[in-house]
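As stored in input_34.pdb (PDB, C-alpha atoms, pLDDT in the B column):
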```
ATOM      1  CA  MET A   1      -2.599  28.566  22.745  1.00 65.00           C
ATOM      2  CA  ALA A   2      -4.313  25.140  22.828  1.00 68.00           C
ATOM      3  CA  ARG A   3      -7.401  26.517  21.078  1.00 81.00           C
ATOM      4  CA  GLU A   4      -5.232  27.977  18.338  1.00 79.00           C
ATOM      5  CA  ARG A   5      -3.503  24.604  17.789  1.00 73.00           C
ATOM      6  CA  ASP A   6      -6.877  22.824  17.767  1.00 76.00           C
ATOM      7  CA  GLN A   7      -8.184  25.297  15.189  1.00 82.00           C
ATOM      8  CA  GLN A   8      -5.076  24.771  13.046  1.00 80.00           C
ATOM      9  CA  LEU A   9      -5.609  21.026  13.302  1.00 78.00           C
ATOM     10  CA  SER A  10      -9.236  21.386  12.199  1.00 84.00           C
ATOM     11  CA  ASP A  11      -8.166  23.568   9.273  1.00 87.00           C
ATOM     12  CA  VAL A  12      -5.597  20.990   8.143  1.00 84.00           C
ATOM     13  CA  VAL A  13      -8.153  18.183   8.345  1.00 85.00           C
ATOM     14  CA  ARG A  14     -10.688  20.176   6.315  1.00 90.00           C
ATOM     15  CA  LYS A  15      -8.096  21.257   3.742  1.00 91.00           C
ATOM     16  CA  GLU A  16      -6.333  17.915   3.212  1.00 89.00           C
ATOM     17  CA  ARG A  17      -9.146  15.372   3.709  1.00 91.00           C
ATOM     18  CA  GLY A  18     -10.226  15.099   0.082  1.00 92.00           C
ATOM     19  CA  ARG A  19      -6.747  14.967  -1.394  1.00 91.00           C
ATOM     20  CA  LEU A  20      -5.519  12.497   1.216  1.00 91.00           C
ATOM     21  CA  LEU A  21      -8.537  10.239   0.743  1.00 91.00           C
ATOM     22  CA  GLY A  22      -7.964  10.278  -3.024  1.00 90.00           C
ATOM     23  CA  PHE A  23      -4.329   9.315  -2.465  1.00 88.00           C
ATOM     24  CA  ILE A  24      -5.378   6.403  -0.255  1.00 89.00           C
ATOM     25  CA  ARG A  25      -8.183   5.225  -2.570  1.00 87.00           C
ATOM     26  CA  ARG A  26      -5.783   5.018  -5.523  1.00 83.00           C
ATOM     27  CA  ARG A  27      -3.771   2.503  -3.516  1.00 81.00           C
ATOM     28  CA  VAL A  28      -6.461   0.650  -1.563  1.00 81.00           C
ATOM     29  CA  ALA A  29      -9.270  -1.058  -3.445  1.00 75.00           C
ATOM     30  CA  ASP A  30     -11.759  -1.318  -0.572  1.00 79.00           C
ATOM     31  CA  PRO A  31     -13.416   2.056   0.206  1.00 83.00           C
ATOM     32  CA  LEU A  32     -13.994   1.030   3.840  1.00 87.00           C
ATOM     33  CA  ASP A  33     -10.295   0.267   4.281  1.00 85.00           C
ATOM     34  CA  ALA A  34      -9.473   3.621   2.703  1.00 88.00           C
ATOM     35  CA  GLU A  35     -11.744   5.417   5.190  1.00 90.00           C
ATOM     36  CA  ASP A  36     -10.205   3.478   8.085  1.00 90.00           C
ATOM     37  CA  ILE A  37      -6.718   4.472   6.984  1.00 91.00           C
ATOM     38  CA  LEU A  38      -7.798   8.107   6.651  1.00 91.00           C
ATOM     39  CA  GLN A  39      -9.200   8.053  10.174  1.00 92.00           C
ATOM     40  CA  ASP A  40      -5.997   6.436  11.474  1.00 91.00           C
ATOM     41  CA  VAL A  41      -3.923   9.167   9.851  1.00 91.00           C
ATOM     42  CA  PHE A  42      -6.019  11.938  11.376  1.00 89.00           C
ATOM     43  CA  HIS A  43      -6.017  10.173  14.744  1.00 90.00           C
ATOM     44  CA  GLU A  44      -2.231  10.059  14.631  1.00 89.00           C
ATOM     45  CA  LEU A  45      -2.190  13.762  13.731  1.00 86.00           C
ATOM     46  CA  ALA A  46      -4.436  14.535  16.708  1.00 84.00           C
ATOM     47  CA  GLU A  47      -2.147  12.498  18.981  1.00 86.00           C
ATOM     48  CA  ALA A  48       0.928  14.298  17.658  1.00 83.00           C
ATOM     49  CA  ASN A  49      -0.848  17.604  18.278  1.00 77.00           C
ATOM     50  CA  ARG A  50      -1.816  16.556  21.814  1.00 78.00           C
ATOM     51  CA  LEU A  51       1.751  15.473  22.582  1.00 80.00           C
ATOM     52  CA  LEU A  52       3.127  18.679  21.034  1.00 78.00           C
ATOM     53  CA  VAL A  53       5.195  16.760  18.492  1.00 78.00           C
ATOM     54  CA  PRO A  54       6.764  19.297  16.125  1.00 79.00           C
ATOM     55  CA  ILE A  55       5.758  18.695  12.504  1.00 80.00           C
ATOM     56  CA  ASP A  56       7.461  20.990  10.010  1.00 79.00           C
ATOM     57  CA  HIS A  57       5.515  20.014   6.885  1.00 85.00           C
ATOM     58  CA  VAL A  58       2.077  18.776   7.902  1.00 85.00           C
ATOM     59  CA  THR A  59       0.944  17.799   4.406  1.00 86.00           C
ATOM     60  CA  GLY A  60       4.061  15.720   3.749  1.00 86.00           C
ATOM     61  CA  TRP A  61       3.749  14.173   7.202  1.00 88.00           C
ATOM     62  CA  LEU A  62       0.118  13.199   6.530  1.00 89.00           C
ATOM     63  CA  PHE A  63       0.977  11.512   3.234  1.00 88.00           C
ATOM     64  CA  THR A  64       3.918   9.677   4.810  1.00 88.00           C
ATOM     65  CA  VAL A  65       1.710   8.377   7.611  1.00 89.00           C
ATOM     66  CA  ALA A  66      -0.930   7.364   5.034  1.00 90.00           C
ATOM     67  CA  ARG A  67       1.658   5.489   2.973  1.00 87.00           C
ATOM     68  CA  ASN A  68       2.844   3.688   6.117  1.00 85.00           C
ATOM     69  CA  ARG A  69      -0.729   2.689   7.010  1.00 87.00           C
ATOM     70  CA  ILE A  70      -1.235   1.356   3.465  1.00 83.00           C
ATOM     71  CA  VAL A  71       1.940  -0.708   3.808  1.00 80.00           C
ATOM     72  CA  ASP A  72       0.644  -1.993   7.153  1.00 79.00           C
ATOM     73  CA  LEU A  73      -2.603  -3.003   5.445  1.00 79.00           C
ATOM     74  CA  PHE A  74      -0.694  -4.842   2.700  1.00 75.00           C
ATOM     75  CA  ARG A  75       1.340  -6.592   5.374  1.00 70.00           C
ATOM     76  CA  LYS A  76      -1.794  -7.792   7.197  1.00 69.00           C
ATOM     77  CA  ARG A  77      -3.615  -8.894   4.075  1.00 60.00           C
ATOM     78  CA  ARG A  78      -3.075 -12.480   3.067  1.00 47.00           C
ATOM     79  CA  PRO A  79       0.658 -12.570   2.507  1.00 45.00           C
ATOM     80  CA  GLU A  80       0.285 -16.229   1.597  1.00 42.00           C
ATOM     81  CA  ARG A  81      -1.511 -15.158  -1.604  1.00 45.00           C
ATOM     82  CA  LEU A  82       1.740 -13.578  -2.818  1.00 46.00           C
ATOM     83  CA  ALA A  83       3.460 -16.961  -2.666  1.00 43.00           C
ATOM     84  CA  THR A  84       1.358 -18.312  -5.558  1.00 44.00           C
ATOM     85  CA  PRO A  85       3.484 -17.516  -8.615  1.00 45.00           C
ATOM     86  CA  LEU A  86       2.357 -17.278 -12.201  1.00 45.00           C
ATOM     87  CA  GLU A  87       3.764 -19.850 -14.575  1.00 45.00           C
ATOM     88  CA  GLY A  88       6.414 -18.437 -16.896  1.00 45.00           C
ATOM     89  CA  ALA A  89       6.564 -18.892 -20.668  1.00 45.00           C
ATOM     90  CA  ASP A  90       9.107 -21.712 -20.204  1.00 47.00           C
ATOM     91  CA  GLY A  91       6.675 -23.630 -17.981  1.00 48.00           C
ATOM     92  CA  GLU A  92       8.643 -22.940 -14.799  1.00 47.00           C
ATOM     93  CA  SER A  93       7.145 -20.977 -11.970  1.00 42.00           C
ATOM     94  CA  PRO A  94       9.083 -17.819 -11.153  1.00 44.00           C
ATOM     95  CA  PRO A  95       9.491 -16.878  -7.484  1.00 47.00           C
ATOM     96  CA  GLY A  96       6.404 -15.307  -5.925  1.00 47.00           C
ATOM     97  CA  LEU A  97       6.508 -11.835  -4.421  1.00 52.00           C
ATOM     98  CA  GLU A  98       6.338 -13.303  -0.908  1.00 56.00           C
ATOM     99  CA  ASP A  99       9.562 -15.140  -1.771  1.00 56.00           C
ATOM    100  CA  LEU A 100      11.219 -11.762  -2.327  1.00 54.00           C
ATOM    101  CA  LEU A 101      10.327 -10.565   1.172  1.00 60.00           C
ATOM    102  CA  PRO A 102      12.483 -11.425   4.183  1.00 59.00           C
ATOM    103  CA  SER A 103      10.859 -13.594   6.819  1.00 63.00           C
ATOM    104  CA  HIS A 104       9.074 -12.045   9.814  1.00 59.00           C
ATOM    105  CA  GLU A 105      11.132 -14.300  12.076  1.00 64.00           C
ATOM    106  CA  ALA A 106      14.577 -13.392  10.690  1.00 66.00           C
ATOM    107  CA  GLY A 107      15.342 -10.596  13.158  1.00 68.00           C
ATOM    108  CA  PRO A 108      15.327  -6.775  13.220  1.00 73.00           C
ATOM    109  CA  GLU A 109      17.401  -6.281  10.056  1.00 69.00           C
ATOM    110  CA  ALA A 110      15.079  -8.549   8.098  1.00 69.00           C
ATOM    111  CA  LEU A 111      12.030  -6.733   9.480  1.00 69.00           C
ATOM    112  CA  TYR A 112      13.548  -3.426   8.363  1.00 71.00           C
ATOM    113  CA  ALA A 113      14.276  -4.846   4.900  1.00 69.00           C
ATOM    114  CA  ARG A 114      10.738  -6.225   4.700  1.00 70.00           C
ATOM    115  CA  ARG A 115       9.274  -2.820   5.619  1.00 74.00           C
ATOM    116  CA  VAL A 116      11.396  -1.055   2.996  1.00 75.00           C
ATOM    117  CA  LEU A 117      10.336  -3.579   0.360  1.00 74.00           C
ATOM    118  CA  LEU A 118       6.672  -3.207   1.288  1.00 76.00           C
ATOM    119  CA  GLU A 119       6.968   0.592   1.082  1.00 79.00           C
ATOM    120  CA  GLU A 120       8.532   0.234  -2.353  1.00 80.00           C
ATOM    121  CA  LEU A 121       5.739  -2.187  -3.287  1.00 80.00           C
ATOM    122  CA  ALA A 122       3.204   0.529  -2.448  1.00 82.00           C
ATOM    123  CA  LEU A 123       5.095   2.981  -4.649  1.00 85.00           C
ATOM    124  CA  ALA A 124       5.434   0.441  -7.458  1.00 85.00           C
ATOM    125  CA  LEU A 125       1.712  -0.348  -7.273  1.00 86.00           C
ATOM    126  CA  ASP A 126       1.017   3.337  -7.729  1.00 86.00           C
ATOM    127  CA  GLU A 127       3.017   3.272 -10.988  1.00 88.00           C
ATOM    128  CA  LEU A 128       0.746   0.636 -12.519  1.00 89.00           C
ATOM    129  CA  PRO A 129      -2.188   1.458 -14.780  1.00 90.00           C
ATOM    130  CA  GLU A 130      -5.418   1.461 -12.747  1.00 89.00           C
ATOM    131  CA  GLU A 131      -6.729  -1.797 -14.277  1.00 91.00           C
ATOM    132  CA  GLN A 132      -3.520  -3.704 -13.549  1.00 91.00           C
ATOM    133  CA  ARG A 133      -3.269  -2.315 -10.007  1.00 89.00           C
ATOM    134  CA  TRP A 134      -6.877  -3.242  -9.297  1.00 89.00           C
ATOM    135  CA  ALA A 135      -6.465  -6.789 -10.637  1.00 90.00           C
ATOM    136  CA  PHE A 136      -3.316  -7.320  -8.571  1.00 89.00           C
ATOM    137  CA  VAL A 137      -4.690  -5.848  -5.345  1.00 85.00           C
ATOM    138  CA  ALA A 138      -8.060  -7.581  -5.623  1.00 86.00           C
ATOM    139  CA  HIS A 139      -6.513 -10.990  -6.269  1.00 86.00           C
ATOM    140  CA  GLU A 140      -3.299 -10.924  -4.231  1.00 82.00           C
ATOM    141  CA  LEU A 141      -4.152  -8.707  -1.299  1.00 77.00           C
ATOM    142  CA  GLU A 142      -7.901  -9.101  -0.975  1.00 78.00           C
ATOM    143  CA  GLY A 143      -7.965 -12.767  -1.971  1.00 80.00           C
ATOM    144  CA  ARG A 144     -10.729 -12.411  -4.550  1.00 85.00           C
ATOM    145  CA  SER A 145     -10.979 -15.057  -7.233  1.00 88.00           C
ATOM    146  CA  PHE A 146     -10.743 -14.137 -10.899  1.00 90.00           C
ATOM    147  CA  LYS A 147     -14.216 -15.568 -11.418  1.00 91.00           C
ATOM    148  CA  GLU A 148     -15.599 -13.334  -8.664  1.00 89.00           C
ATOM    149  CA  MET A 149     -13.768 -10.305 -10.076  1.00 89.00           C
ATOM    150  CA  SER A 150     -15.091 -11.057 -13.550  1.00 91.00           C
ATOM    151  CA  ALA A 151     -18.663 -11.337 -12.297  1.00 90.00           C
ATOM    152  CA  ALA A 152     -18.353  -8.013 -10.461  1.00 87.00           C
ATOM    153  CA  THR A 153     -16.807  -6.074 -13.356  1.00 89.00           C
ATOM    154  CA  GLY A 154     -17.968  -7.811 -16.536  1.00 91.00           C
ATOM    155  CA  VAL A 155     -14.322  -8.141 -17.614  1.00 90.00           C
ATOM    156  CA  SER A 156     -13.319 -11.604 -18.829  1.00 92.00           C
ATOM    157  CA  VAL A 157     -11.220 -13.853 -16.615  1.00 90.00           C
ATOM    158  CA  ASN A 158      -8.506 -14.002 -19.308  1.00 92.00           C
ATOM    159  CA  THR A 159      -8.282 -10.205 -19.417  1.00 92.00           C
ATOM    160  CA  LEU A 160      -8.028 -10.054 -15.626  1.00 92.00           C
ATOM    161  CA  LEU A 161      -5.321 -12.743 -15.677  1.00 92.00           C
ATOM    162  CA  SER A 162      -3.420 -10.762 -18.280  1.00 91.00           C
ATOM    163  CA  ARG A 163      -3.695  -7.532 -16.291  1.00 92.00           C
ATOM    164  CA  LYS A 164      -2.419  -9.217 -13.168  1.00 92.00           C
ATOM    165  CA  HIS A 165       0.377 -10.898 -15.122  1.00 92.00           C
ATOM    166  CA  TYR A 166       1.632  -7.543 -16.429  1.00 91.00           C
ATOM    167  CA  ALA A 167       1.359  -6.053 -12.941  1.00 90.00           C
ATOM    168  CA  VAL A 168       3.429  -8.898 -11.478  1.00 88.00           C
ATOM    169  CA  LEU A 169       6.075  -8.506 -14.190  1.00 88.00           C
ATOM    170  CA  HIS A 170       6.362  -4.784 -13.460  1.00 88.00           C
ATOM    171  CA  LEU A 171       6.489  -5.312  -9.708  1.00 85.00           C
ATOM    172  CA  ARG A 172       9.145  -8.011  -9.941  1.00 83.00           C
ATOM    173  CA  GLU A 173      11.314  -5.865 -12.191  1.00 84.00           C
ATOM    174  CA  ARG A 174      10.783  -2.762 -10.072  1.00 82.00           C
ATOM    175  CA  LEU A 175      11.542  -4.490  -6.759  1.00 76.00           C
ATOM    176  CA  GLN A 176      14.335  -6.844  -7.848  1.00 78.00           C
ATOM    177  CA  GLU A 177      17.175  -4.299  -7.615  1.00 75.00           C
ATOM    178  CA  LEU A 178      16.096  -3.189  -4.142  1.00 72.00           C
ATOM    179  CA  HIS A 179      15.743  -6.811  -3.047  1.00 65.00           C
ATOM    180  CA  ASP A 180      19.260  -7.548  -4.316  1.00 69.00           C
ATOM    181  CA  GLU A 181      20.663  -4.485  -2.518  1.00 70.00           C
ATOM    182  CA  LEU A 182      19.025  -5.478   0.764  1.00 62.00           C
ATOM    183  CA  GLY A 183      20.141  -9.081   0.355  1.00 59.00           C
ATOM    184  CA  ASN A 184      23.761  -8.105  -0.261  1.00 54.00           C
ATOM    185  CA  GLY A 185      23.864  -5.172   2.175  1.00 50.00           C
TER
END
```
Represent the structure from my file as structure tokens, please.
Amino acid sequence: MARERDQQLSDVVRKERGRLLGFIRRRVADPLDAEDILQDVFHELAEANRLLVPIDHVTGWLFTVARNRIVDLFRKRRPERLATPLEGADGESPPGLEDLLPSHEAGPEALYARRVLLEELALALDELPEEQRWAFVAHELEGRSFKEMSAATGVSVNTLLSRKHYAVLHLRERLQELHDELGNG
């Protein structure tokens, strides 16, 4: 019985590895981080298998765990970078994305709200065009400067600024309703 479960586990890993890694890489700019997340997901699958945790839909479970690990990575990565807002057309600085997230210290309900918002952030990032997502992730989550990004890609700093600006506008719009619901709920 144990050998059969181990064989099924190996088959799932072989079958889903490429697709799962692609899913993670579309959301995580650093290939090493993507590989780490993939290994964490498969480690969690092995642990669930060892503990005989029933999983009805393995593929869906794997992608859910991957999404959660990506959110965890976003949470660990320089949240202070999100507090630096872009200046609006009227010269006033709009609230930064970190301002939309409940504080870590505000208790269990706030931590739940923060987790939901970060999960939605991961989904909203996935909706962005690749160039905008990359500019946002590289600058906000990885802490890379626009000058550094420009040198690495050959894309002008102004173009990178514009891409990030459009990403931030989309993310603010996409997350505002959820933020309001959590704030009033």
(message) Could you tell me how far CA of Val157 in chain A sits from CA of Ile24 in chain A, in Å to one decimal place?
(response) 26.7 Å
(request) I would like the residues chosen by the PyMOL selection byres ((chain A and resi 119-132) around 6) on the shown file; could you give them as an NGL selection string? (result) :A and (71 or 116-118 or 133-135 or 163-164 or 167)
(request) Give me, please, the distance in Å between CA of Asp36 in chain A and CA of Arg50 in chain A, quoted to one decimal. (result)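 Answer for the CA of Asp36 in chain A to CA of Arg50 in chain A separation: 20.7 Å.
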(request) Calculate how many Å separate CA of Ser162 in chain A from CA of Lys147 in chain A, rounding to one decimal. (result)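 Interatomic distance here is 13.7 Å.
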(message) What's around Val65 in chain A at 9 Å? Count only C-alpha atoms, leave out sequence neighbours fewer than 5 positions away in its own chain, and write the answer as a list in words.
(response) Asp40, Val41, Glu44, Gly60 and Ile70 of chain A
(message) So that I can check the surroundings of Arg17 in chain A, please list as a list in words every protein, DNA and RNA residue that reaches within 9 Å of it, counting all atoms listed in the file and ignoring chain neighbours fewer than 5 positions away.
(response) Val12, Gly22, Leu38 and Phe42 of chain A
Output file for the residues above (C-alpha atoms, as a CSV table (one decimal), keeping the file's coordinate frame):
```csv
chain,number,residue,atom,x,y,z
A,12,VAL,CA,-5.6,21.0,8.1
A,22,GLY,CA,-8.0,10.3,-3.0
A,38,LEU,CA,-7.8,8.1,6.7
A,42,PHE,CA,-6.0,11.9,11.4
```
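Proximity ranking of A:Arg5, A:Arg115, A:Lys15, A:His43 relative to Arg67 in chain A places A:Arg115 first, based on all atoms listed in the file.
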(message) Let me make sure I understand: among A:Ala34, A:Ile55, A:Val137, A:Leu45, which one has the smallest atom-to-atom distance to Phe74 in chain A if we use only C-alpha atoms?
(response)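 With only C-alpha atoms as the atom set, the closest residue is A:Val137.
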(request) May I ask which of the residues A:Leu62, A:Ala48, A:Ala29, A:Leu175 is the closest one to Arg144 in chain A, counting all atoms listed in the file? (result) A:Ala29
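For Leu9 in chain A, the set of protein, DNA and RNA residues having any atom at most 9 Å away, when counting all atoms listed in the file and skipping those fewer than 5 positions along the same chain, is A:Glu4, A:Arg14, A:Leu45, A:Ala46, A:Asn49.
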Can you put N, CA, C and O atoms back into range 155-166 of chain A and show it as a PDB file, in the frame of the given file?
```
ATOM      1  N   VAL A 155     -15.560  -7.947 -16.866  1.00 90.00           N
ATOM      2  CA  VAL A 155     -14.322  -8.141 -17.614  1.00 90.00           C
ATOM      3  C   VAL A 155     -14.002  -9.636 -17.604  1.00 90.00           C
ATOM      4  O   VAL A 155     -14.147 -10.297 -16.575  1.00 90.00           O
ATOM      5  N   SER A 156     -13.563 -10.166 -18.743  1.00 92.00           N
ATOM      6  CA  SER A 156     -13.319 -11.604 -18.829  1.00 92.00           C
ATOM      7  C   SER A 156     -12.191 -12.032 -17.897  1.00 92.00           C
ATOM      8  O   SER A 156     -11.288 -11.255 -17.578  1.00 92.00           O
ATOM      9  N   VAL A 157     -12.245 -13.291 -17.489  1.00 90.00           N
ATOM     10  CA  VAL A 157     -11.220 -13.853 -16.615  1.00 90.00           C
ATOM     11  C   VAL A 157      -9.854 -13.761 -17.291  1.00 90.00           C
ATOM     12  O   VAL A 157      -8.856 -13.401 -16.658  1.00 90.00           O
ATOM     13  N   ASN A 158      -9.789 -14.064 -18.600  1.00 92.00           N
ATOM     14  CA  ASN A 158      -8.506 -14.002 -19.308  1.00 92.00           C
ATOM     15  C   ASN A 158      -7.922 -12.595 -19.306  1.00 92.00           C
ATOM     16  O   ASN A 158      -6.710 -12.422 -19.156  1.00 92.00           O
ATOM     17  N   THR A 159      -8.762 -11.586 -19.453  1.00 92.00           N
ATOM     18  CA  THR A 159      -8.282 -10.205 -19.417  1.00 92.00           C
ATOM     19  C   THR A 159      -7.757  -9.863 -18.030  1.00 92.00           C
ATOM     20  O   THR A 159      -6.707  -9.237 -17.890  1.00 92.00           O
ATOM     21  N   LEU A 160      -8.479 -10.301 -16.995  1.00 92.00           N
ATOM     22  CA  LEU A 160      -8.028 -10.054 -15.626  1.00 92.00           C
ATOM     23  C   LEU A 160      -6.706 -10.765 -15.347  1.00 92.00           C
ATOM     24  O   LEU A 160      -5.802 -10.194 -14.708  1.00 92.00           O
ATOM     25  N   LEU A 161      -6.578 -12.006 -15.828  1.00 92.00           N
ATOM     26  CA  LEU A 161      -5.321 -12.743 -15.677  1.00 92.00           C
ATOM     27  C   LEU A 161      -4.171 -12.002 -16.358  1.00 92.00           C
ATOM     28  O   LEU A 161      -3.074 -11.891 -15.805  1.00 92.00           O
ATOM     29  N   SER A 162      -4.439 -11.493 -17.542  1.00 91.00           N
ATOM     30  CA  SER A 162      -3.420 -10.762 -18.280  1.00 91.00           C
ATOM     31  C   SER A 162      -3.012  -9.488 -17.544  1.00 91.00           C
ATOM     32  O   SER A 162      -1.826  -9.176 -17.425  1.00 91.00           O
ATOM     33  N   ARG A 163      -3.991  -8.763 -17.027  1.00 92.00           N
ATOM     34  CA  ARG A 163      -3.695  -7.532 -16.291  1.00 92.00           C
ATOM     35  C   ARG A 163      -2.836  -7.823 -15.068  1.00 92.00           C
ATOM     36  O   ARG A 163      -1.871  -7.132 -14.781  1.00 92.00           O
ATOM     37  N   LYS A 164      -3.203  -8.865 -14.350  1.00 92.00           N
ATOM     38  CA  LYS A 164      -2.419  -9.217 -13.168  1.00 92.00           C
ATOM     39  C   LYS A 164      -1.024  -9.664 -13.571  1.00 92.00           C
ATOM     40  O   LYS A 164      -0.033  -9.315 -12.925  1.00 92.00           O
ATOM     41  N   HIS A 165      -0.925 -10.428 -14.646  1.00 92.00           N
ATOM     42  CA  HIS A 165       0.377 -10.898 -15.122  1.00 92.00           C
ATOM     43  C   HIS A 165       1.310  -9.721 -15.413  1.00 92.00           C
ATOM     44  O   HIS A 165       2.462  -9.706 -14.983  1.00 92.00           O
ATOM     45  N   TYR A 166       0.803  -8.712 -16.122  1.00 91.00           N
ATOM     46  CA  TYR A 166       1.632  -7.543 -16.429  1.00 91.00           C
ATOM     47  C   TYR A 166       1.981  -6.766 -15.166  1.00 91.00           C
ATOM     48  O   TYR A 166       3.086  -6.237 -15.034  1.00 91.00           O
TER      49      TYR A 166
END
```
